[in-house]
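J.: Contents are compact mmCIF, N, CA and C atoms; file name start_27.txt:
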# COMPACT_ATOMS: atom_id res chain seq x y z
N MET A 1 16.08 -14.23 -33.14
CA MET A 1 16.45 -14.61 -31.78
C MET A 1 16.74 -13.37 -30.93
N ILE A 2 17.38 -12.35 -31.53
CA ILE A 2 17.69 -11.13 -30.79
C ILE A 2 16.41 -10.41 -30.39
N ARG A 3 15.35 -10.55 -31.19
CA ARG A 3 14.09 -9.88 -30.87
C ARG A 3 13.20 -10.69 -29.94
N THR A 4 13.55 -11.94 -29.67
CA THR A 4 12.69 -12.77 -28.81
C THR A 4 13.43 -13.32 -27.60
N VAL A 5 14.41 -14.14 -27.84
CA VAL A 5 15.10 -14.84 -26.74
C VAL A 5 15.93 -13.89 -25.88
N ALA A 6 16.73 -13.04 -26.52
CA ALA A 6 17.61 -12.14 -25.77
C ALA A 6 16.81 -11.20 -24.85
N PRO A 7 15.79 -10.50 -25.36
CA PRO A 7 15.03 -9.62 -24.46
C PRO A 7 14.30 -10.40 -23.36
N ALA A 8 13.79 -11.59 -23.69
CA ALA A 8 13.08 -12.38 -22.67
C ALA A 8 14.03 -12.84 -21.57
N ALA A 9 15.20 -13.32 -21.96
CA ALA A 9 16.18 -13.78 -20.97
C ALA A 9 16.68 -12.61 -20.12
N LEU A 10 16.98 -11.51 -20.77
CA LEU A 10 17.46 -10.33 -20.04
C LEU A 10 16.40 -9.80 -19.09
N THR A 11 15.17 -9.72 -19.56
CA THR A 11 14.07 -9.24 -18.70
C THR A 11 13.87 -10.15 -17.50
N ALA A 12 13.84 -11.45 -17.72
CA ALA A 12 13.65 -12.39 -16.62
C ALA A 12 14.77 -12.26 -15.59
N ALA A 13 16.00 -12.16 -16.06
CA ALA A 13 17.13 -12.04 -15.13
C ALA A 13 17.07 -10.73 -14.36
N LEU A 14 16.78 -9.63 -15.04
CA LEU A 14 16.72 -8.33 -14.36
C LEU A 14 15.61 -8.29 -13.33
N VAL A 15 14.46 -8.85 -13.65
CA VAL A 15 13.34 -8.88 -12.69
C VAL A 15 13.71 -9.74 -11.48
N ALA A 16 14.32 -10.89 -11.72
CA ALA A 16 14.70 -11.78 -10.61
C ALA A 16 15.75 -11.11 -9.71
N ILE A 17 16.76 -10.52 -10.31
CA ILE A 17 17.82 -9.88 -9.53
C ILE A 17 17.27 -8.63 -8.83
N GLY A 18 16.41 -7.90 -9.53
CA GLY A 18 15.77 -6.74 -8.91
C GLY A 18 14.91 -7.15 -7.73
N GLY A 19 14.17 -8.25 -7.90
CA GLY A 19 13.35 -8.77 -6.79
C GLY A 19 14.20 -9.16 -5.59
N LEU A 20 15.34 -9.77 -5.84
CA LEU A 20 16.25 -10.11 -4.74
C LEU A 20 16.70 -8.86 -4.00
N HIS A 21 17.04 -7.81 -4.74
CA HIS A 21 17.46 -6.57 -4.08
C HIS A 21 16.32 -5.96 -3.25
N LEU A 22 15.09 -6.08 -3.74
CA LEU A 22 13.96 -5.58 -2.94
C LEU A 22 13.81 -6.40 -1.66
N ILE A 23 13.98 -7.70 -1.76
CA ILE A 23 13.92 -8.55 -0.56
C ILE A 23 15.03 -8.16 0.40
N TRP A 24 16.23 -7.90 -0.14
CA TRP A 24 17.38 -7.57 0.70
C TRP A 24 17.21 -6.23 1.41
N ALA A 25 16.27 -5.43 1.00
CA ALA A 25 15.99 -4.19 1.73
C ALA A 25 15.40 -4.50 3.10
N PHE A 26 14.87 -5.73 3.26
CA PHE A 26 14.20 -6.10 4.51
C PHE A 26 14.74 -7.36 5.17
N SER A 27 15.50 -8.16 4.42
CA SER A 27 15.88 -9.48 4.91
C SER A 27 17.17 -9.95 4.25
N PRO A 28 17.96 -10.79 4.94
CA PRO A 28 19.15 -11.36 4.32
C PRO A 28 18.87 -12.63 3.51
N TRP A 29 17.59 -12.96 3.29
CA TRP A 29 17.23 -14.17 2.56
C TRP A 29 17.93 -14.20 1.21
N PRO A 30 18.43 -15.30 0.76
CA PRO A 30 18.24 -16.68 1.21
C PRO A 30 19.28 -17.14 2.23
N LEU A 31 20.13 -16.23 2.67
CA LEU A 31 21.11 -16.61 3.69
C LEU A 31 20.45 -16.54 5.07
N ASP A 32 21.08 -17.20 6.02
CA ASP A 32 20.46 -17.35 7.34
C ASP A 32 20.49 -16.10 8.20
N ASP A 33 21.54 -15.31 8.08
CA ASP A 33 21.68 -14.16 8.97
C ASP A 33 22.44 -13.04 8.27
N LYS A 34 22.48 -11.88 8.94
CA LYS A 34 23.10 -10.70 8.34
C LYS A 34 24.60 -10.87 8.13
N VAL A 35 25.27 -11.55 9.06
CA VAL A 35 26.71 -11.75 8.92
C VAL A 35 27.01 -12.60 7.69
N SER A 36 26.28 -13.70 7.52
CA SER A 36 26.47 -14.55 6.33
C SER A 36 26.18 -13.75 5.06
N PHE A 37 25.15 -12.94 5.10
CA PHE A 37 24.78 -12.12 3.95
C PHE A 37 25.90 -11.16 3.59
N THR A 38 26.38 -10.40 4.57
CA THR A 38 27.40 -9.40 4.24
C THR A 38 28.71 -10.05 3.81
N ARG A 39 29.03 -11.21 4.36
CA ARG A 39 30.25 -11.91 3.94
C ARG A 39 30.13 -12.40 2.49
N THR A 40 28.95 -12.87 2.10
CA THR A 40 28.76 -13.49 0.79
C THR A 40 28.36 -12.50 -0.29
N VAL A 41 27.50 -11.56 0.04
CA VAL A 41 26.94 -10.66 -0.97
C VAL A 41 27.63 -9.30 -0.99
N VAL A 42 27.99 -8.79 0.18
CA VAL A 42 28.58 -7.46 0.27
C VAL A 42 30.10 -7.51 0.26
N GLY A 43 30.67 -8.58 0.83
CA GLY A 43 32.12 -8.73 0.86
C GLY A 43 32.76 -8.20 2.12
N SER A 44 31.97 -8.00 3.17
CA SER A 44 32.51 -7.47 4.41
C SER A 44 32.13 -8.36 5.59
N ASP A 45 32.89 -8.23 6.66
CA ASP A 45 32.62 -8.99 7.89
C ASP A 45 31.75 -8.21 8.86
N SER A 46 31.30 -7.04 8.49
CA SER A 46 30.64 -6.14 9.43
C SER A 46 29.30 -6.65 9.94
N GLY A 47 28.59 -7.39 9.15
CA GLY A 47 27.24 -7.81 9.53
C GLY A 47 26.22 -6.71 9.36
N GLU A 48 26.65 -5.56 8.84
CA GLU A 48 25.73 -4.45 8.61
C GLU A 48 25.18 -4.53 7.19
N MET A 49 23.86 -4.69 7.11
CA MET A 49 23.20 -4.74 5.81
C MET A 49 23.31 -3.37 5.14
N PRO A 50 23.34 -3.34 3.83
CA PRO A 50 23.28 -2.05 3.13
C PRO A 50 21.99 -1.31 3.52
N PRO A 51 21.98 0.01 3.42
CA PRO A 51 20.77 0.75 3.77
C PRO A 51 19.58 0.23 2.96
N PRO A 52 18.44 0.01 3.61
CA PRO A 52 17.27 -0.51 2.91
C PRO A 52 16.88 0.32 1.68
N ALA A 53 16.97 1.64 1.80
CA ALA A 53 16.59 2.49 0.67
C ALA A 53 17.51 2.25 -0.52
N LEU A 54 18.79 2.01 -0.27
CA LEU A 54 19.72 1.76 -1.36
C LEU A 54 19.43 0.42 -2.04
N SER A 55 19.18 -0.61 -1.24
CA SER A 55 18.84 -1.92 -1.81
C SER A 55 17.55 -1.83 -2.63
N ALA A 56 16.56 -1.12 -2.10
CA ALA A 56 15.29 -0.96 -2.82
C ALA A 56 15.49 -0.17 -4.10
N LEU A 57 16.31 0.87 -4.06
CA LEU A 57 16.58 1.68 -5.24
C LEU A 57 17.24 0.84 -6.34
N VAL A 58 18.22 0.03 -5.97
CA VAL A 58 18.88 -0.84 -6.95
C VAL A 58 17.86 -1.83 -7.53
N GLY A 59 17.03 -2.41 -6.66
CA GLY A 59 16.00 -3.35 -7.11
C GLY A 59 15.04 -2.70 -8.10
N LEU A 60 14.58 -1.51 -7.77
CA LEU A 60 13.64 -0.81 -8.66
C LEU A 60 14.31 -0.41 -9.97
N ALA A 61 15.58 -0.02 -9.90
CA ALA A 61 16.30 0.34 -11.13
C ALA A 61 16.46 -0.87 -12.05
N LEU A 62 16.73 -2.04 -11.48
CA LEU A 62 16.84 -3.25 -12.29
C LEU A 62 15.50 -3.62 -12.93
N ILE A 63 14.43 -3.50 -12.17
CA ILE A 63 13.10 -3.80 -12.71
C ILE A 63 12.71 -2.77 -13.77
N ALA A 64 13.07 -1.51 -13.55
CA ALA A 64 12.82 -0.48 -14.57
C ALA A 64 13.62 -0.78 -15.83
N GLY A 65 14.84 -1.28 -15.68
CA GLY A 65 15.64 -1.69 -16.83
C GLY A 65 14.94 -2.80 -17.61
N ALA A 66 14.33 -3.74 -16.88
CA ALA A 66 13.59 -4.82 -17.54
C ALA A 66 12.40 -4.24 -18.33
N ALA A 67 11.71 -3.28 -17.74
CA ALA A 67 10.58 -2.65 -18.43
C ALA A 67 11.07 -1.91 -19.68
N LEU A 68 12.22 -1.27 -19.57
CA LEU A 68 12.79 -0.56 -20.71
C LEU A 68 13.11 -1.54 -21.84
N ILE A 69 13.66 -2.69 -21.49
CA ILE A 69 13.94 -3.72 -22.50
C ILE A 69 12.65 -4.11 -23.22
N LEU A 70 11.58 -4.30 -22.45
CA LEU A 70 10.31 -4.70 -23.06
C LEU A 70 9.73 -3.58 -23.93
N MET A 71 9.96 -2.33 -23.55
CA MET A 71 9.49 -1.21 -24.39
C MET A 71 10.27 -1.15 -25.70
N VAL A 72 11.58 -1.29 -25.61
CA VAL A 72 12.41 -1.25 -26.82
C VAL A 72 12.06 -2.41 -27.73
N ASN A 73 11.70 -3.53 -27.13
CA ASN A 73 11.35 -4.72 -27.91
C ASN A 73 9.89 -4.69 -28.36
N GLU A 74 9.17 -3.62 -28.02
CA GLU A 74 7.77 -3.40 -28.40
C GLU A 74 6.84 -4.45 -27.81
N THR A 75 7.19 -4.95 -26.64
CA THR A 75 6.32 -5.86 -25.91
C THR A 75 5.42 -5.08 -24.95
N LEU A 76 5.94 -3.99 -24.40
CA LEU A 76 5.17 -3.08 -23.55
C LEU A 76 4.94 -1.78 -24.32
N PRO A 77 3.85 -1.08 -24.02
CA PRO A 77 3.64 0.23 -24.64
C PRO A 77 4.82 1.16 -24.29
N ALA A 78 5.29 1.87 -25.27
CA ALA A 78 6.48 2.70 -25.11
C ALA A 78 6.15 4.03 -24.44
N ILE A 79 7.11 4.52 -23.67
CA ILE A 79 7.04 5.84 -23.05
C ILE A 79 8.25 6.62 -23.56
N GLY A 80 8.01 7.82 -24.04
CA GLY A 80 9.11 8.67 -24.50
C GLY A 80 9.55 8.34 -25.91
N PRO A 81 10.49 9.15 -26.41
CA PRO A 81 10.97 8.94 -27.78
C PRO A 81 11.81 7.66 -27.91
N GLY A 82 11.73 7.06 -29.08
CA GLY A 82 12.44 5.82 -29.34
C GLY A 82 13.94 5.93 -29.15
N TRP A 83 14.53 7.06 -29.59
CA TRP A 83 15.98 7.23 -29.47
C TRP A 83 16.41 7.25 -28.00
N LEU A 84 15.56 7.80 -27.13
CA LEU A 84 15.90 7.88 -25.71
C LEU A 84 15.82 6.49 -25.06
N ARG A 85 14.83 5.71 -25.46
CA ARG A 85 14.72 4.34 -24.95
C ARG A 85 15.93 3.51 -25.39
N THR A 86 16.30 3.65 -26.64
CA THR A 86 17.46 2.91 -27.15
C THR A 86 18.73 3.35 -26.43
N LEU A 87 18.88 4.64 -26.23
CA LEU A 87 20.03 5.15 -25.48
C LEU A 87 20.03 4.59 -24.05
N GLY A 88 18.85 4.48 -23.46
CA GLY A 88 18.74 3.91 -22.12
C GLY A 88 19.20 2.46 -22.07
N VAL A 89 18.88 1.69 -23.10
CA VAL A 89 19.32 0.28 -23.15
C VAL A 89 20.83 0.21 -23.32
N TYR A 90 21.39 1.09 -24.15
CA TYR A 90 22.86 1.14 -24.26
C TYR A 90 23.47 1.47 -22.88
N GLY A 91 22.87 2.43 -22.19
CA GLY A 91 23.36 2.78 -20.85
C GLY A 91 23.27 1.62 -19.88
N LEU A 92 22.16 0.91 -19.91
CA LEU A 92 21.98 -0.27 -19.05
C LEU A 92 23.05 -1.31 -19.36
N ALA A 93 23.28 -1.55 -20.65
CA ALA A 93 24.30 -2.52 -21.05
C ALA A 93 25.68 -2.10 -20.55
N LEU A 94 26.00 -0.81 -20.65
CA LEU A 94 27.30 -0.34 -20.18
C LEU A 94 27.45 -0.47 -18.67
N VAL A 95 26.40 -0.17 -17.93
CA VAL A 95 26.44 -0.31 -16.47
C VAL A 95 26.67 -1.77 -16.09
N LEU A 96 25.93 -2.67 -16.73
CA LEU A 96 26.09 -4.09 -16.43
C LEU A 96 27.49 -4.59 -16.80
N LEU A 97 27.98 -4.19 -17.97
CA LEU A 97 29.34 -4.56 -18.36
C LEU A 97 30.37 -3.97 -17.40
N GLY A 98 30.14 -2.73 -17.00
CA GLY A 98 31.05 -2.09 -16.05
C GLY A 98 31.11 -2.83 -14.73
N ARG A 99 29.93 -3.24 -14.23
CA ARG A 99 29.91 -4.00 -12.98
C ARG A 99 30.57 -5.36 -13.17
N GLY A 100 30.32 -5.97 -14.30
CA GLY A 100 30.89 -7.29 -14.55
C GLY A 100 32.40 -7.25 -14.69
N LEU A 101 32.90 -6.38 -15.54
CA LEU A 101 34.34 -6.32 -15.77
C LEU A 101 35.07 -5.66 -14.60
N GLY A 102 34.47 -4.60 -14.06
CA GLY A 102 35.08 -3.93 -12.91
C GLY A 102 34.89 -4.70 -11.61
N GLY A 103 33.96 -5.63 -11.63
CA GLY A 103 33.66 -6.39 -10.42
C GLY A 103 34.84 -7.17 -9.88
N PHE A 104 35.74 -7.55 -10.76
CA PHE A 104 36.90 -8.30 -10.29
C PHE A 104 37.80 -7.43 -9.42
N LEU A 105 37.71 -6.12 -9.59
CA LEU A 105 38.46 -5.21 -8.73
C LEU A 105 37.87 -5.17 -7.32
N LEU A 106 36.59 -5.56 -7.20
CA LEU A 106 35.94 -5.57 -5.90
C LEU A 106 36.49 -6.67 -5.00
N ASN A 107 37.21 -7.61 -5.57
CA ASN A 107 37.75 -8.71 -4.79
C ASN A 107 38.83 -8.25 -3.81
N SER A 108 39.49 -7.17 -4.11
CA SER A 108 40.56 -6.68 -3.25
C SER A 108 40.01 -6.29 -1.88
N GLY A 109 40.42 -7.01 -0.86
CA GLY A 109 39.99 -6.72 0.50
C GLY A 109 38.64 -7.32 0.88
N ALA A 110 37.99 -8.00 -0.04
CA ALA A 110 36.68 -8.59 0.24
C ALA A 110 36.86 -9.95 0.91
N THR A 111 35.80 -10.42 1.52
CA THR A 111 35.83 -11.74 2.17
C THR A 111 36.01 -12.83 1.12
N SER A 112 36.51 -13.96 1.56
CA SER A 112 36.74 -15.07 0.62
C SER A 112 35.42 -15.58 0.04
N GLU A 113 34.34 -15.53 0.82
CA GLU A 113 33.04 -15.96 0.31
C GLU A 113 32.59 -15.08 -0.86
N PHE A 114 32.73 -13.76 -0.67
CA PHE A 114 32.36 -12.83 -1.73
C PHE A 114 33.22 -13.05 -2.96
N GLN A 115 34.53 -13.19 -2.77
CA GLN A 115 35.44 -13.40 -3.89
C GLN A 115 35.05 -14.63 -4.70
N ARG A 116 34.74 -15.71 -3.99
CA ARG A 116 34.35 -16.94 -4.68
C ARG A 116 33.08 -16.73 -5.50
N TRP A 117 32.03 -16.14 -4.90
CA TRP A 117 30.77 -15.91 -5.60
C TRP A 117 30.92 -14.86 -6.69
N ASN A 118 31.71 -13.84 -6.44
CA ASN A 118 31.91 -12.79 -7.43
C ASN A 118 32.60 -13.35 -8.68
N ASN A 119 33.61 -14.19 -8.48
CA ASN A 119 34.33 -14.77 -9.61
C ASN A 119 33.49 -15.80 -10.36
N ALA A 120 32.67 -16.54 -9.64
CA ALA A 120 31.90 -17.63 -10.26
C ALA A 120 30.55 -17.17 -10.80
N LEU A 121 29.93 -16.17 -10.18
CA LEU A 121 28.56 -15.81 -10.56
C LEU A 121 28.35 -14.33 -10.81
N TYR A 122 28.61 -13.48 -9.81
CA TYR A 122 28.20 -12.08 -9.91
C TYR A 122 28.79 -11.38 -11.13
N SER A 123 30.11 -11.38 -11.26
CA SER A 123 30.74 -10.67 -12.38
C SER A 123 30.45 -11.32 -13.73
N PRO A 124 30.59 -12.65 -13.87
CA PRO A 124 30.26 -13.25 -15.17
C PRO A 124 28.80 -13.03 -15.58
N LEU A 125 27.89 -13.07 -14.62
CA LEU A 125 26.48 -12.83 -14.93
C LEU A 125 26.28 -11.40 -15.43
N CYS A 126 26.91 -10.45 -14.78
CA CYS A 126 26.77 -9.06 -15.21
C CYS A 126 27.34 -8.86 -16.61
N VAL A 127 28.47 -9.50 -16.92
CA VAL A 127 29.04 -9.40 -18.27
C VAL A 127 28.06 -10.00 -19.28
N ALA A 128 27.52 -11.17 -18.98
CA ALA A 128 26.57 -11.82 -19.90
C ALA A 128 25.33 -10.95 -20.10
N LEU A 129 24.80 -10.39 -19.02
CA LEU A 129 23.62 -9.54 -19.14
C LEU A 129 23.95 -8.26 -19.90
N GLY A 130 25.13 -7.72 -19.68
CA GLY A 130 25.56 -6.54 -20.42
C GLY A 130 25.67 -6.81 -21.91
N LEU A 131 26.21 -7.97 -22.27
CA LEU A 131 26.30 -8.34 -23.68
C LEU A 131 24.92 -8.54 -24.30
N LEU A 132 24.01 -9.17 -23.53
CA LEU A 132 22.63 -9.31 -24.02
C LEU A 132 21.99 -7.94 -24.22
N GLY A 133 22.19 -7.07 -23.25
CA GLY A 133 21.65 -5.72 -23.37
C GLY A 133 22.21 -4.99 -24.57
N GLY A 134 23.50 -5.15 -24.83
CA GLY A 134 24.10 -4.55 -26.01
C GLY A 134 23.50 -5.08 -27.29
N ALA A 135 23.26 -6.39 -27.33
CA ALA A 135 22.65 -7.01 -28.52
C ALA A 135 21.24 -6.46 -28.74
N VAL A 136 20.48 -6.32 -27.66
CA VAL A 136 19.12 -5.76 -27.76
C VAL A 136 19.18 -4.31 -28.23
N ALA A 137 20.12 -3.54 -27.70
CA ALA A 137 20.25 -2.14 -28.10
C ALA A 137 20.63 -2.00 -29.57
N ILE A 138 21.56 -2.83 -30.02
CA ILE A 138 21.97 -2.79 -31.43
C ILE A 138 20.79 -3.16 -32.33
N ALA A 139 20.06 -4.21 -31.94
CA ALA A 139 18.89 -4.61 -32.73
C ALA A 139 17.85 -3.48 -32.77
N ALA A 140 17.65 -2.80 -31.65
CA ALA A 140 16.70 -1.70 -31.60
C ALA A 140 17.16 -0.53 -32.47
N SER A 141 18.47 -0.32 -32.54
CA SER A 141 19.02 0.77 -33.35
C SER A 141 18.78 0.55 -34.84
N LYS A 142 18.66 -0.70 -35.24
CA LYS A 142 18.50 -1.02 -36.65
C LYS A 142 17.05 -1.02 -37.11
N ARG A 143 16.13 -0.79 -36.19
CA ARG A 143 14.70 -0.78 -36.57
C ARG A 143 14.32 0.52 -37.19
Starting from the coordinates I provided, produce the structure as structure tokens.
T.:
Amino acid sequence: MIRTVAPAALTAALVAIGGLHLIWAFSPWPLDDKVSFTRTVVGSDSGEMPPPALSALVGLALIAGAALILMVNETLPAIGPGWLRTLGVYGLALVLLGRGLGGFLLNSGATSEFQRWNNALYSPLCVALGLLGGAVAIAASKR
């Protein structure tokens, strides 16, 4: 299961979330306007979208993480040494866990919409994805 379901679920989630960040570089979709977006996703009342380059960079990093998962799982042709790919997956897992566990600190001073979504979805999802990434990394270490 760790070699099939976990990498597939993690890859699908990372690609979907990465795709959303790429969309957010140009649009507040699926929300109606920039103010709703920043209140719900960013946690501010400013109505100022994050810089497009930053949103795109996060999106591409998430999609690259998905590709790395597929390389470690030997679904995609590998680039670089195996130990470096495995180390990269451990790093990805730590970043996701850090965002998930540290995300609750982001609630301080954030809008109520962000706090609600962060507590219900954003942080728990990051923790779950981080744990999946850790499981994939451990499985890769044992090969």
J.: Would you mind telling me which residue in A:Leu22, A:Met49, A:Gly130, A:Lys34 lies nearest to Gly98 in chain A when using only N, CA and C atoms?
T.: A:Gly130
J.: Could you check which of A:Ser123, A:Asn118, A:Ser141, A:Ser36 is closest to Thr86 in chain A, using only N, CA and C atoms?
T.: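 Using only N, CA and C atoms, Thr86 in chain A sits closest to A:Ser141.
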J.: When DSSP works through the backbone of this structure, what residues of chain A end up as alpha helix (DSSP H), shown as a count of residues only?
T.: 91
J.: For range 101-108 of chain A, I'd like the enclosing box, axis-aligned and padded by 3 Å on every side, reported as JSON with centre and edge lengths in Å to one decimal.
T.:
{"center_x": 36.7, "center_y": -6.3, "center_z": -8.8, "size_x": 13.7, "size_y": 10.8, "size_z": 19.9}
J.: So which one's closest to Phe114 in chain A, A:Thr38, A:Ser55, A:Ser27, A:Ser46? Using all atoms listed in the file, please.
T.: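 Result for the nearest residue to Phe114 in chain A: A:Thr38.
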J.: Report, in Å to a single decimal, how far apart CA of Ala128 in chain A and atom N of Val95 in chain A are.
T.: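 Atom-to-atom, atom N of Val95 in chain A and CA of Ala128 in chain A are spaced 11.8 Å apart.
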J.: May I ask for the distance between atom C of Gly18 in chain A and atom N of Gly59 in chain A, given in Å to one decimal place?
T.: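 Distance between the two atoms: 5.3 Å.
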J.: Using all atoms listed in the file, pick whichever of A:Gly134, A:Ala78, A:Trp29, A:Leu129 has the shortest atom-to-atom distance to Ala9 in chain A.
T.: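 Going through A:Gly134, A:Ala78, A:Trp29, A:Leu129 one by one, the smallest distance to Ala9 in chain A is for A:Leu129.
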J.: Counting all atoms listed in the file, which residues have an atom no more than 7 Å from (18.2, -5.5, -4.6) in the file's coordinates? Please list them as a list in words.
T.: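 Those residues lying close to the given coordinates are Ile17, Gly18, Gly19, Leu20, His21, Leu22, Ile23, Trp24, Ala25, Leu54, Ser55, Ala56, Leu57, Val58, Gly59 and Leu60 of chain A.
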J.: Counting all atoms listed in the file, figure out which residue out of A:Leu68, A:Val15, A:Leu94, A:Ala110 gets nearest to Leu131 in chain A.
T.: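 That would be A:Leu94, the residue with the smallest distance to Leu131 in chain A.
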J.: Name the closest residue to Thr75 in chain A among the candidates A:Asn119, A:Thr11, A:Thr40, A:Ser108; distances are taken between atoms, counting only C-alpha atoms.
T.: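 Closest residue, counting only C-alpha atoms: A:Thr11.
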J.: Using only C-alpha atoms, which protein or nucleic acid residues come within 7 Å of Leu10 in chain A? Drop anything in the same chain fewer than 3 positions from it, and give the result as a PyMOL selection string.
T.: chain A and resi 6-7+13-14+129+132
J.: Keeping only N, CA and C atoms, write those residues as a PDB file, in the coordinates of the input.
T.:
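This is the output file result-v2.pdb:
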ATOM      1  N   ALA A   6      16.730 -13.040 -26.520  1.00  0.00           N
ATOM      2  CA  ALA A   6      17.610 -12.140 -25.770  1.00  0.00           C
ATOM      3  C   ALA A   6      16.810 -11.200 -24.850  1.00  0.00           C
ATOM      4  N   PRO A   7      15.790 -10.500 -25.360  1.00  0.00           N
ATOM      5  CA  PRO A   7      15.030  -9.620 -24.460  1.00  0.00           C
ATOM      6  C   PRO A   7      14.300 -10.400 -23.360  1.00  0.00           C
ATOM      7  N   ALA A  13      16.000 -12.160 -16.060  1.00  0.00           N
ATOM      8  CA  ALA A  13      17.130 -12.040 -15.130  1.00  0.00           C
ATOM      9  C   ALA A  13      17.070 -10.730 -14.360  1.00  0.00           C
ATOM     10  N   LEU A  14      16.780  -9.630 -15.040  1.00  0.00           N
ATOM     11  CA  LEU A  14      16.720  -8.330 -14.360  1.00  0.00           C
ATOM     12  C   LEU A  14      15.610  -8.290 -13.330  1.00  0.00           C
ATOM     13  N   LEU A 129      24.800 -10.390 -19.020  1.00  0.00           N
ATOM     14  CA  LEU A 129      23.620  -9.540 -19.140  1.00  0.00           C
ATOM     15  C   LEU A 129      23.950  -8.260 -19.900  1.00  0.00           C
ATOM     16  N   LEU A 132      24.010  -9.170 -23.530  1.00  0.00           N
ATOM     17  CA  LEU A 132      22.630  -9.310 -24.020  1.00  0.00           C
ATOM     18  C   LEU A 132      21.990  -7.940 -24.220  1.00  0.00           C
TER      19      LEU A 132
END
J.: Given the point (13.0, 5.3, -31.2) in the file's coordinates, find the residues that have an atom at most 8 Å from it, counting all atoms listed in the file, and give them as a short mmCIF file (atom, residue, chain, number, x, y, z; two decimals) with N, CA and C atoms, in the frame of the given file.
T.:
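Output saved as out14.cif:
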data_model
loop_
_atom_site.label_atom_id
_atom_site.label_comp_id
_atom_site.auth_asym_id
_atom_site.auth_seq_id
_atom_site.Cartn_x
_atom_site.Cartn_y
_atom_site.Cartn_z
N VAL A 72 11.58 -1.29 -25.61
CA VAL A 72 12.41 -1.25 -26.82
C VAL A 72 12.06 -2.41 -27.73
N GLY A 80 8.01 7.82 -24.04
CA GLY A 80 9.11 8.67 -24.50
C GLY A 80 9.55 8.34 -25.91
N PRO A 81 10.49 9.15 -26.41
CA PRO A 81 10.97 8.94 -27.78
C PRO A 81 11.81 7.66 -27.91
N GLY A 82 11.73 7.06 -29.08
CA GLY A 82 12.44 5.82 -29.34
C GLY A 82 13.94 5.93 -29.15
N TRP A 83 14.53 7.06 -29.59
CA TRP A 83 15.98 7.23 -29.47
C TRP A 83 16.41 7.25 -28.00
N LEU A 84 15.56 7.80 -27.13
CA LEU A 84 15.90 7.88 -25.71
C LEU A 84 15.82 6.49 -25.06
N ARG A 85 14.83 5.71 -25.46
CA ARG A 85 14.72 4.34 -24.95
C ARG A 85 15.93 3.51 -25.39
N THR A 86 16.30 3.65 -26.64
CA THR A 86 17.46 2.91 -27.15
C THR A 86 18.73 3.35 -26.43
N LEU A 87 18.88 4.64 -26.23
CA LEU A 87 20.03 5.15 -25.48
C LEU A 87 20.03 4.59 -24.05
N ALA A 140 17.65 -2.80 -31.65
CA ALA A 140 16.70 -1.70 -31.60
C ALA A 140 17.16 -0.53 -32.47
N SER A 141 18.47 -0.32 -32.54
CA SER A 141 19.02 0.77 -33.35
C SER A 141 18.78 0.55 -34.84
N ARG A 143 16.13 -0.79 -36.19
CA ARG A 143 14.70 -0.78 -36.57
C ARG A 143 14.32 0.52 -37.19
#
J.: Only N, CA, C and O atoms, please: range 30-38 of chain A from the block, as a tab-separated table (two decimals), in the first residue's frame.
T.:
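So the final result, stored in decode.tsv, reads:
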chain	number	residue	atom	x	y	z
A	30	PRO	N	-11.51	29.71	-6.95
A	30	PRO	CA	-12.95	29.61	-7.20
A	30	PRO	C	-13.78	30.65	-6.47
A	30	PRO	O	-15.00	30.60	-6.52
A	31	LEU	N	-13.12	31.58	-5.81
A	31	LEU	CA	-13.87	32.64	-5.13
A	31	LEU	C	-14.22	33.73	-6.13
A	31	LEU	O	-13.61	33.84	-7.20
A	32	ASP	N	-15.19	34.54	-5.77
A	32	ASP	CA	-15.74	35.51	-6.72
A	32	ASP	C	-14.84	36.72	-6.97
A	32	ASP	O	-14.84	37.26	-8.07
A	33	ASP	N	-14.12	37.15	-5.95
A	33	ASP	CA	-13.34	38.38	-6.11
A	33	ASP	C	-12.09	38.33	-5.23
A	33	ASP	O	-11.92	37.42	-4.41
A	34	LYS	N	-11.23	39.33	-5.41
A	34	LYS	CA	-9.96	39.35	-4.69
A	34	LYS	C	-10.13	39.51	-3.19
A	34	LYS	O	-9.38	38.93	-2.40
A	35	VAL	N	-11.12	40.29	-2.77
A	35	VAL	CA	-11.34	40.49	-1.34
A	35	VAL	C	-11.76	39.17	-0.69
A	35	VAL	O	-11.24	38.79	0.37
A	36	SER	N	-12.70	38.46	-1.30
A	36	SER	CA	-13.11	37.16	-0.76
A	36	SER	C	-11.93	36.20	-0.72
A	36	SER	O	-11.77	35.44	0.24
A	37	PHE	N	-11.11	36.22	-1.76
A	37	PHE	CA	-9.94	35.36	-1.83
A	37	PHE	C	-8.98	35.65	-0.68
A	37	PHE	O	-8.56	34.74	0.03
A	38	THR	N	-8.61	36.92	-0.52
A	38	THR	CA	-7.63	37.23	0.51
A	38	THR	C	-8.18	36.97	1.91
A	38	THR	O	-7.43	36.55	2.79
